[in-house]
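S.K.: start-v1.pdb is reproduced in full below (PDB, C-alpha atoms).
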ATOM      1  CA  MET R 121      67.335 134.489  94.550
ATOM      2  CA  ASN R 122      70.989 133.925  95.174
ATOM      3  CA  VAL R 123      70.207 130.783  97.161
ATOM      4  CA  ASP R 124      68.035 129.470  94.315
ATOM      5  CA  ALA R 125      70.817 130.053  91.809
ATOM      6  CA  LYS R 126      73.204 128.166  94.036
ATOM      7  CA  LYS R 127      70.738 125.290  94.347
ATOM      8  CA  MET R 128      70.277 125.155  90.582
ATOM      9  CA  HIS R 129      74.038 125.109  90.161
ATOM     10  CA  GLN R 130      74.329 122.213  92.627
ATOM     11  CA  ILE R 131      71.687 120.242  90.733
ATOM     12  CA  GLU R 132      73.451 120.893  87.447
ATOM     13  CA  ILE R 133      76.703 119.601  88.888
ATOM     14  CA  GLN R 134      74.945 116.484  90.180
ATOM     15  CA  GLU R 135      73.243 115.837  86.823
ATOM     16  CA  TYR R 136      76.497 116.310  84.987
ATOM     17  CA  GLN R 137      78.239 113.879  87.338
ATOM     18  CA  ASN R 138      75.502 111.286  86.780
ATOM     19  CA  LEU R 139      75.864 111.717  83.028
ATOM     20  CA  VAL R 140      79.649 111.307  83.206
ATOM     21  CA  ASP R 141      79.363 108.230  85.429
ATOM     22  CA  GLY R 142      76.946 106.676  82.939
ATOM     23  CA  ILE R 143      79.202 107.204  79.921
ATOM     24  CA  LYS R 144      82.646 106.683  81.468
ATOM     25  CA  PRO R 145      83.818 103.113  80.792
ATOM     26  CA  LYS R 146      84.117 101.076  83.981
ATOM     27  CA  PRO R 147      87.589  99.610  84.426
ATOM     28  CA  ASP R 148      87.209  95.954  83.544
ATOM     29  CA  ILE R 149      88.683  94.680  86.797
ATOM     30  CA  LEU R 150      88.372  90.956  86.077
ATOM     31  CA  LYS R 151      90.027  91.258  82.657
ATOM     32  CA  ASN R 152      92.802  93.475  84.055
ATOM     33  CA  CYS R 153      93.478  90.969  86.819
ATOM     34  CA  ILE R 154      93.702  88.009  84.449
ATOM     35  CA  TRP R 155      96.162  89.924  82.247
ATOM     36  CA  ALA R 156      98.248  91.024  85.242
ATOM     37  CA  PHE R 157      98.332  87.466  86.611
ATOM     38  CA  LEU R 158      99.311  85.857  83.298
ATOM     39  CA  VAL R 159     101.950  88.399  82.242
ATOM     40  CA  GLY R 160     103.461  88.739  85.738
ATOM     41  CA  GLY R 161     103.484  84.961  86.093
ATOM     42  CA  MET R 162     105.160  84.480  82.717
ATOM     43  CA  ILE R 163     107.888  87.039  83.480
ATOM     44  CA  CYS R 164     108.650  85.274  86.793
ATOM     45  CA  GLY R 165     108.427  81.853  85.110
ATOM     46  CA  LEU R 166     110.950  82.938  82.480
ATOM     47  CA  ALA R 167     113.274  84.178  85.233
ATOM     48  CA  GLN R 168     112.887  80.859  87.106
ATOM     49  CA  LEU R 169     113.791  78.978  83.908
ATOM     50  CA  MET R 170     117.069  80.948  83.728
ATOM     51  CA  VAL R 171     117.759  80.524  87.469
ATOM     52  CA  ASN R 172     117.275  76.747  87.200
ATOM     53  CA  TYR R 173     119.582  76.622  84.173
ATOM     54  CA  LEU R 174     122.346  78.566  85.973
ATOM     55  CA  LEU R 175     121.953  76.436  89.134
ATOM     56  CA  ALA R 176     122.327  73.322  86.981
ATOM     57  CA  LEU R 177     125.589  74.794  85.664
ATOM     58  CA  GLY R 178     126.809  74.921  89.279
ATOM     59  CA  MET R 179     126.344  78.615  90.051
ATOM     60  CA  SER R 180     125.550  79.575  93.662
ATOM     61  CA  ARG R 181     121.966  80.572  94.459
ATOM     62  CA  ILE R 182     122.887  84.197  95.219
ATOM     63  CA  ASP R 183     124.993  84.612  92.059
ATOM     64  CA  ALA R 184     122.311  82.991  89.901
ATOM     65  CA  GLY R 185     119.714  85.396  91.316
ATOM     66  CA  SER R 186     121.910  88.434  90.593
ATOM     67  CA  ALA R 187     122.752  87.257  87.075
ATOM     68  CA  VAL R 188     119.103  86.630  86.204
ATOM     69  CA  SER R 189     118.091  90.053  87.572
ATOM     70  CA  CYS R 190     120.710  91.623  85.279
ATOM     71  CA  ILE R 191     119.424  89.671  82.261
ATOM     72  CA  MET R 192     115.795  90.606  82.998
ATOM     73  CA  ILE R 193     116.780  94.279  83.395
ATOM     74  CA  PHE R 194     118.674  94.170  80.103
ATOM     75  CA  LEU R 195     115.713  92.592  78.284
ATOM     76  CA  ALA R 196     113.270  95.118  79.759
ATOM     77  CA  ALA R 197     115.511  98.068  78.812
ATOM     78  CA  PHE R 198     115.797  96.739  75.250
ATOM     79  CA  PHE R 199     112.083  96.005  74.794
ATOM     80  CA  THR R 200     111.200  99.403  76.270
ATOM     81  CA  GLY R 201     113.588 101.032  73.790
ATOM     82  CA  ILE R 202     111.961  99.395  70.761
ATOM     83  CA  GLY R 203     108.512 100.247  72.151
ATOM     84  CA  ILE R 204     107.216  96.717  72.790
ATOM     85  CA  TYR R 205     107.237  96.765  76.603
ATOM     86  CA  ASP R 206     104.907  99.748  76.840
ATOM     87  CA  GLU R 207     102.504  98.107  74.340
ATOM     88  CA  LEU R 208     102.444  95.081  76.637
ATOM     89  CA  GLY R 209     102.016  97.347  79.654
ATOM     90  CA  LYS R 210      98.786  98.823  78.262
ATOM     91  CA  ARG R 211      97.119  95.433  78.714
ATOM     92  CA  ALA R 212      99.191  93.825  81.453
ATOM     93  CA  GLY R 213      99.039  96.737  83.927
ATOM     94  CA  ALA R 214     100.593  95.666  87.206
ATOM     95  CA  GLY R 215     101.784  92.463  85.533
ATOM     96  CA  SER R 216     104.408  94.529  83.741
ATOM     97  CA  ILE R 217     105.015  97.040  86.586
ATOM     98  CA  VAL R 218     105.565  94.848  89.659
ATOM     99  CA  PRO R 219     108.408  92.624  88.330
ATOM    100  CA  ILE R 220     111.938  94.074  88.227
ATOM    101  CA  THR R 221     111.425  94.500  84.467
ATOM    102  CA  GLY R 222     108.889  97.221  85.368
ATOM    103  CA  PHE R 223     111.594  99.000  87.364
ATOM    104  CA  ALA R 224     113.895  98.945  84.303
ATOM    105  CA  ASN R 225     110.984 100.057  82.109
ATOM    106  CA  ALA R 226     110.310 103.062  84.368
ATOM    107  CA  ILE R 227     113.986 104.057  84.151
ATOM    108  CA  VAL R 228     114.215 103.893  80.354
ATOM    109  CA  ALA R 229     110.775 105.325  79.607
ATOM    110  CA  SER R 230     111.250 108.445  81.743
ATOM    111  CA  ALA R 231     114.856 108.991  80.607
ATOM    112  CA  MET R 232     113.941 108.699  76.901
ATOM    113  CA  GLU R 233     111.313 111.438  77.183
ATOM    114  CA  TYR R 234     113.839 114.000  78.377
ATOM    115  CA  LYS R 235     116.496 113.540  75.711
ATOM    116  CA  ARG R 236     115.983 117.083  74.384
ATOM    117  CA  GLU R 237     117.222 118.427  77.737
ATOM    118  CA  GLY R 238     120.576 116.848  77.025
ATOM    119  CA  TYR R 239     122.406 113.634  77.775
ATOM    120  CA  ILE R 240     123.724 114.710  81.172
ATOM    121  CA  PHE R 241     120.937 116.604  82.956
ATOM    122  CA  GLY R 242     118.151 115.303  80.725
ATOM    123  CA  VAL R 243     118.690 111.557  80.359
ATOM    124  CA  GLY R 244     121.201 111.303  83.211
ATOM    125  CA  ALA R 245     118.890 112.934  85.730
ATOM    126  CA  ARG R 246     115.541 111.530  84.576
ATOM    127  CA  ILE R 247     116.785 107.964  84.917
ATOM    128  CA  PHE R 248     116.052 108.453  88.606
ATOM    129  CA  SER R 249     112.637 110.113  88.463
ATOM    130  CA  VAL R 250     110.963 106.789  89.353
ATOM    131  CA  ALA R 251     114.004 104.690  90.286
ATOM    132  CA  GLY R 252     115.142 107.330  92.802
ATOM    133  CA  PRO R 253     112.130 107.212  95.143
ATOM    134  CA  THR R 254     112.086 103.412  94.850
ATOM    135  CA  LEU R 255     115.728 103.116  95.943
ATOM    136  CA  VAL R 256     115.323 105.750  98.670
ATOM    137  CA  PHE R 257     112.530 103.811 100.374
ATOM    138  CA  GLY R 258     114.198 100.435  99.827
ATOM    139  CA  PHE R 259     117.438 101.612 101.423
ATOM    140  CA  ALA R 260     115.677 103.493 104.204
ATOM    141  CA  VAL R 261     113.885 100.333 105.343
ATOM    142  CA  ALA R 262     117.009  98.185 104.901
ATOM    143  CA  VAL R 263     119.185 100.513 107.029
ATOM    144  CA  LEU R 264     116.437 100.708 109.656
ATOM    145  CA  VAL R 265     116.207  96.913 109.860
ATOM    146  CA  GLY R 266     120.021  96.745 110.055
ATOM    147  CA  LEU R 267     120.148  99.273 112.910
ATOM    148  CA  ILE R 268     117.444  97.398 114.828
ATOM    149  CA  LYS R 269     119.480  94.227 114.500
ATOM    150  CA  VAL R 270     122.625  96.042 115.706
ATOM    151  CA  PHE R 271     120.791  97.307 118.811
ATOM    152  CA  LEU R 272     119.086  93.984 119.521
ATOM    153  CA  SER R 273     122.361  92.056 119.357
ATOM    154  CA  SER R 274     124.430  94.521 121.408
TER     155      SER R 274
ATOM    156  CA  MET S 207     115.184  74.001  92.368
ATOM    157  CA  THR S 208     111.832  75.729  92.282
ATOM    158  CA  PRO S 209     109.493  74.286  89.655
ATOM    159  CA  LEU S 210     108.402  76.734  86.937
ATOM    160  CA  TYR S 211     104.701  76.532  87.776
ATOM    161  CA  MET S 212     105.372  77.668  91.357
ATOM    162  CA  ALA S 213     107.298  80.724  90.093
ATOM    163  CA  PHE S 214     104.464  81.412  87.640
ATOM    164  CA  LEU S 215     101.817  81.176  90.372
ATOM    165  CA  GLY S 216     103.765  83.230  92.924
ATOM    166  CA  GLY S 217     104.686  85.987  90.484
ATOM    167  CA  GLY S 218     101.186  86.001  89.031
ATOM    168  CA  VAL S 219      99.526  86.414  92.428
ATOM    169  CA  LEU S 220     101.908  89.226  93.470
ATOM    170  CA  CYS S 221     101.117  91.087  90.223
ATOM    171  CA  LEU S 222      97.388  90.414  90.659
ATOM    172  CA  ILE S 223      97.532  92.071  94.089
ATOM    173  CA  GLY S 224      99.192  95.102  92.479
ATOM    174  CA  GLN S 225      96.455  95.252  89.833
ATOM    175  CA  LEU S 226      93.730  95.109  92.508
ATOM    176  CA  ILE S 227      95.416  97.956  94.397
ATOM    177  CA  MET S 228      95.432 100.024  91.182
ATOM    178  CA  ASP S 229      91.836  99.219  90.183
ATOM    179  CA  LEU S 230      90.078  99.252  93.554
ATOM    180  CA  THR S 231      91.554 102.329  95.210
ATOM    181  CA  LYS S 232      90.126 105.734  94.371
ATOM    182  CA  ALA S 233      93.440 107.559  94.731
ATOM    183  CA  ASN S 234      95.510 107.903  91.594
ATOM    184  CA  ILE S 235      98.056 105.156  91.994
ATOM    185  CA  THR S 236     100.880 105.520  89.466
ATOM    186  CA  PRO S 237     103.406 102.817  88.554
ATOM    187  CA  GLY S 238     105.897 104.762  90.686
ATOM    188  CA  HIS S 239     103.684 104.329  93.761
ATOM    189  CA  ILE S 240     103.385 100.605  93.061
ATOM    190  CA  LEU S 241     107.171 100.240  92.797
ATOM    191  CA  VAL S 242     107.808 102.208  96.013
ATOM    192  CA  GLY S 243     105.046 100.293  97.817
ATOM    193  CA  TYR S 244     106.354  96.896  96.741
ATOM    194  CA  ILE S 245     110.017  97.522  97.579
ATOM    195  CA  SER S 246     109.083  98.932 101.022
ATOM    196  CA  THR S 247     106.593  96.169 101.821
ATOM    197  CA  GLY S 248     109.052  93.495 100.691
ATOM    198  CA  ALA S 249     111.803  95.021 102.828
ATOM    199  CA  VAL S 250     109.569  95.224 105.929
ATOM    200  CA  LEU S 251     108.298  91.635 105.503
ATOM    201  CA  SER S 252     111.882  90.494 104.997
ATOM    202  CA  GLY S 253     112.970  92.234 108.196
ATOM    203  CA  LEU S 254     110.181  90.424 110.061
ATOM    204  CA  GLY S 255     111.370  87.124 108.582
ATOM    205  CA  LEU S 256     108.161  86.638 106.612
ATOM    206  CA  TYR S 257     109.504  86.992 103.061
ATOM    207  CA  GLN S 258     112.106  84.199 103.059
ATOM    208  CA  PRO S 259     109.463  81.429 103.384
ATOM    209  CA  LEU S 260     107.757  82.875 100.295
ATOM    210  CA  VAL S 261     111.068  82.833  98.382
ATOM    211  CA  ASP S 262     111.624  79.220  99.487
ATOM    212  CA  ALA S 263     108.197  78.275  98.130
ATOM    213  CA  VAL S 264     107.989  80.158  94.815
ATOM    214  CA  GLY S 265     111.611  81.130  93.973
ATOM    215  CA  ALA S 266     111.765  83.712  91.193
ATOM    216  CA  GLY S 267     108.034  84.240  91.688
ATOM    217  CA  ALA S 268     109.007  86.149  94.845
ATOM    218  CA  THR S 269     112.504  87.430  93.955
ATOM    219  CA  ILE S 270     111.667  88.993  90.560
ATOM    220  CA  PRO S 271     108.749  91.191  91.775
ATOM    221  CA  LEU S 272     110.159  94.392  93.262
ATOM    222  CA  SER S 273     109.286  93.219  96.777
ATOM    223  CA  GLY S 274     112.078  90.675  96.191
ATOM    224  CA  PHE S 275     114.473  93.559  95.584
ATOM    225  CA  GLY S 276     113.548  94.954  99.013
ATOM    226  CA  HIS S 277     114.124  91.474 100.456
ATOM    227  CA  LEU S 278     117.564  91.367  98.788
ATOM    228  CA  LEU S 279     118.506  94.750 100.325
ATOM    229  CA  VAL S 280     117.404  93.719 103.818
ATOM    230  CA  GLN S 281     119.007  90.262 103.747
ATOM    231  CA  GLY S 282     122.280  91.798 102.486
ATOM    232  CA  THR S 283     122.125  94.333 105.315
ATOM    233  CA  LEU S 284     121.455  91.660 107.947
ATOM    234  CA  ARG S 285     124.332  89.481 106.692
ATOM    235  CA  ALA S 286     126.696  92.476 106.770
ATOM    236  CA  VAL S 287     125.571  93.445 110.294
ATOM    237  CA  GLU S 288     126.422  89.935 111.437
ATOM    238  CA  SER S 289     129.972  90.145 110.069
ATOM    239  CA  ASP S 290     130.806  93.885 110.344
ATOM    240  CA  GLY S 291     128.459  95.227 113.020
ATOM    241  CA  LEU S 292     127.198  98.809 112.707
ATOM    242  CA  LEU S 293     129.090  99.556 109.475
ATOM    243  CA  GLY S 294     127.308  96.625 107.865
ATOM    244  CA  ALA S 295     123.947  98.312 108.374
ATOM    245  CA  PHE S 296     125.078 100.911 105.828
ATOM    246  CA  SER S 297     127.131  98.779 103.443
ATOM    247  CA  GLY S 298     125.187  95.527 103.189
ATOM    248  CA  GLY S 299     122.237  96.727 101.127
ATOM    249  CA  VAL S 300     124.204  98.156  98.217
ATOM    250  CA  GLU S 301     126.613  95.218  98.287
ATOM    251  CA  ALA S 302     123.803  92.725  97.847
ATOM    252  CA  ALA S 303     121.993  94.748  95.184
ATOM    253  CA  ALA S 304     125.119  96.060  93.419
ATOM    254  CA  ALA S 305     124.710  94.064  90.217
ATOM    255  CA  GLY S 306     121.021  94.879  89.800
ATOM    256  CA  ILE S 307     121.390  98.604  90.493
ATOM    257  CA  THR S 308     124.426  98.966  88.223
ATOM    258  CA  CYS S 309     122.720  97.054  85.402
ATOM    259  CA  ALA S 310     119.595  99.181  85.746
ATOM    260  CA  ILE S 311     121.591 102.422  85.542
ATOM    261  CA  VAL S 312     123.954 101.379  82.719
ATOM    262  CA  PHE S 313     121.490  99.453  80.529
ATOM    263  CA  GLY S 314     118.821 102.058  81.262
ATOM    264  CA  TYR S 315     121.071 104.916  80.193
ATOM    265  CA  VAL S 316     122.292 103.162  77.045
ATOM    266  CA  ALA S 317     118.755 102.179  75.989
ATOM    267  CA  ALA S 318     117.459 105.721  76.607
ATOM    268  CA  VAL S 319     120.278 107.186  74.496
ATOM    269  CA  LEU S 320     119.998 104.688  71.624
ATOM    270  CA  PHE S 321     116.208 104.609  71.242
ATOM    271  CA  ASN S 322     113.609 107.327  70.823
ATOM    272  CA  PRO S 323     110.113 107.319  72.326
ATOM    273  CA  LYS S 324     107.320 106.160  70.016
ATOM    274  CA  ASP S 325     104.430 108.535  69.625
TER     275      ASP S 325
END
Output the structure of this file as structure tokens.
M.R.:
Amino acid sequence: MNVDAKKMHQIEIQEYQNLVDGIKPKPDILKNCIWAFLVGGMICGLAQLMVNYLLALGMSRIDAGSAVSCIMIFLAAFFTGIGIYDELGKRAGAGSIVPITGFANAIVASAMEYKREGYIFGVGARIFSVAGPTLVFGFAVAVLVGLIKVFLSS
Amino acid sequence: MTPLYMAFLGGGVLCLIGQLIMDLTKANITPGHILVGYISTGAVLSGLGLYQPLVDAVGAGATIPLSGFGHLLVQGTLRAVESDGLLGAFSGGVEAAAAGITCAIVFGYVAAVLFNPKD
């Protein structure tokens, strides 16, 4: 009796799962990929346009790269603030996450949500809820590579 | 100078890979995971000397994706190790990325204070 009830329950779960799988929209992978490619490509193309302009003005390659990163971060922070970047992100997916503008977007979007907790421990702390882990792992690998080089060259 | 179409192609392909990771894996990959994954992968490839050729080929197409930020950290560290030795392993990364990190914090804070989330 108990075993039968269990069996019935299992079958119900299976049927329910089949029903859900039938109704749930499949992620449109091809469309997502085209959007990600186009938006990500355009963001990098725009950055290259600025880099080329600054190089033509006689800036060094390293300085031009830093300056353009700052401009892209500024633009992303602004467009996240006025709500446009997240609209774009709904379609572009990784195309708006992977570039450095996505890093700036993650900072502003998470900080904005926590304004009611105050400007110091709300906004000030939440800035790092996504940026923190990103920087931690970036620096961890960089220091590790640096130490390896120190030991290899000594 | 890198032509625009190369930056477009390089950046587009790197973002496409990120989209495939998000769509094809069963685990719940959040934007945070993508950012951490890209900066770490970029830093490791840079340490192995594999990222610089990509930067040479596609310019901003490789430096603007977050993997390029990892590359920047590692190259800064390696340069500092060459000139300052052990201390450089700890100072070089921030030095190279100083402008980007400071901009992200300052502009990010100001934007979060000035604007309110849309709902």
S.K.: Taking the file as I've supplied it (selection: the PyMOL selection byres ((chain R) within 7 of (chain S))), which residues are included? Please answer as a ChimeraX atom specification.
M.R.: /R:149,153,156-158,160-162,164-165,167-169,172,186,189-190,193-194,197-198,201-203,213-215,217-220,224,227-228,231-233,250,253-254,257-259,261-263,265-267,270
S.K.: What separation in Å, quoted to one decimal, exists between CA of Asp141 in chain R and CA of Val123 in chain R?
M.R.: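 Pair CA of Asp141 in chain R / CA of Val123 in chain R returns 27.0 Å.
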S.K.: Mind checking which residues fall within 9 Å of Leu174 in chain R, counting only C-alpha atoms, ignoring those fewer than 6 positions away in the same chain, and posting them as an mmCIF file with C-alpha atoms, keeping the file's coordinate frame?
M.R.:
data_model
loop_
_atom_site.group_PDB
_atom_site.id
_atom_site.type_symbol
_atom_site.label_atom_id
_atom_site.label_comp_id
_atom_site.auth_asym_id
_atom_site.auth_seq_id
_atom_site.Cartn_x
_atom_site.Cartn_y
_atom_site.Cartn_z
ATOM 1 C CA SER R 180 125.550 79.575 93.662
ATOM 2 C CA ARG R 181 121.966 80.572 94.459
ATOM 3 C CA ASP R 183 124.993 84.612 92.059
ATOM 4 C CA ALA R 184 122.311 82.991 89.901
ATOM 5 C CA ALA R 187 122.752 87.257 87.075
ATOM 6 C CA VAL R 188 119.103 86.630 86.204
#
S.K.: In Å, how far is it from CA of Ala260 in chain R to CA of Glu301 in chain S?
M.R.: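 Atom-to-atom, CA of Ala260 in chain R to CA of Glu301 in chain S, that is 14.9 Å.
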S.K.: Would you compute the distance between CA of Ala251 in chain R and CA of Gln258 in chain S? Give it in Å to one decimal.
M.R.: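 Result for CA of Ala251 in chain R versus CA of Gln258 in chain S: 24.2 Å, one decimal.
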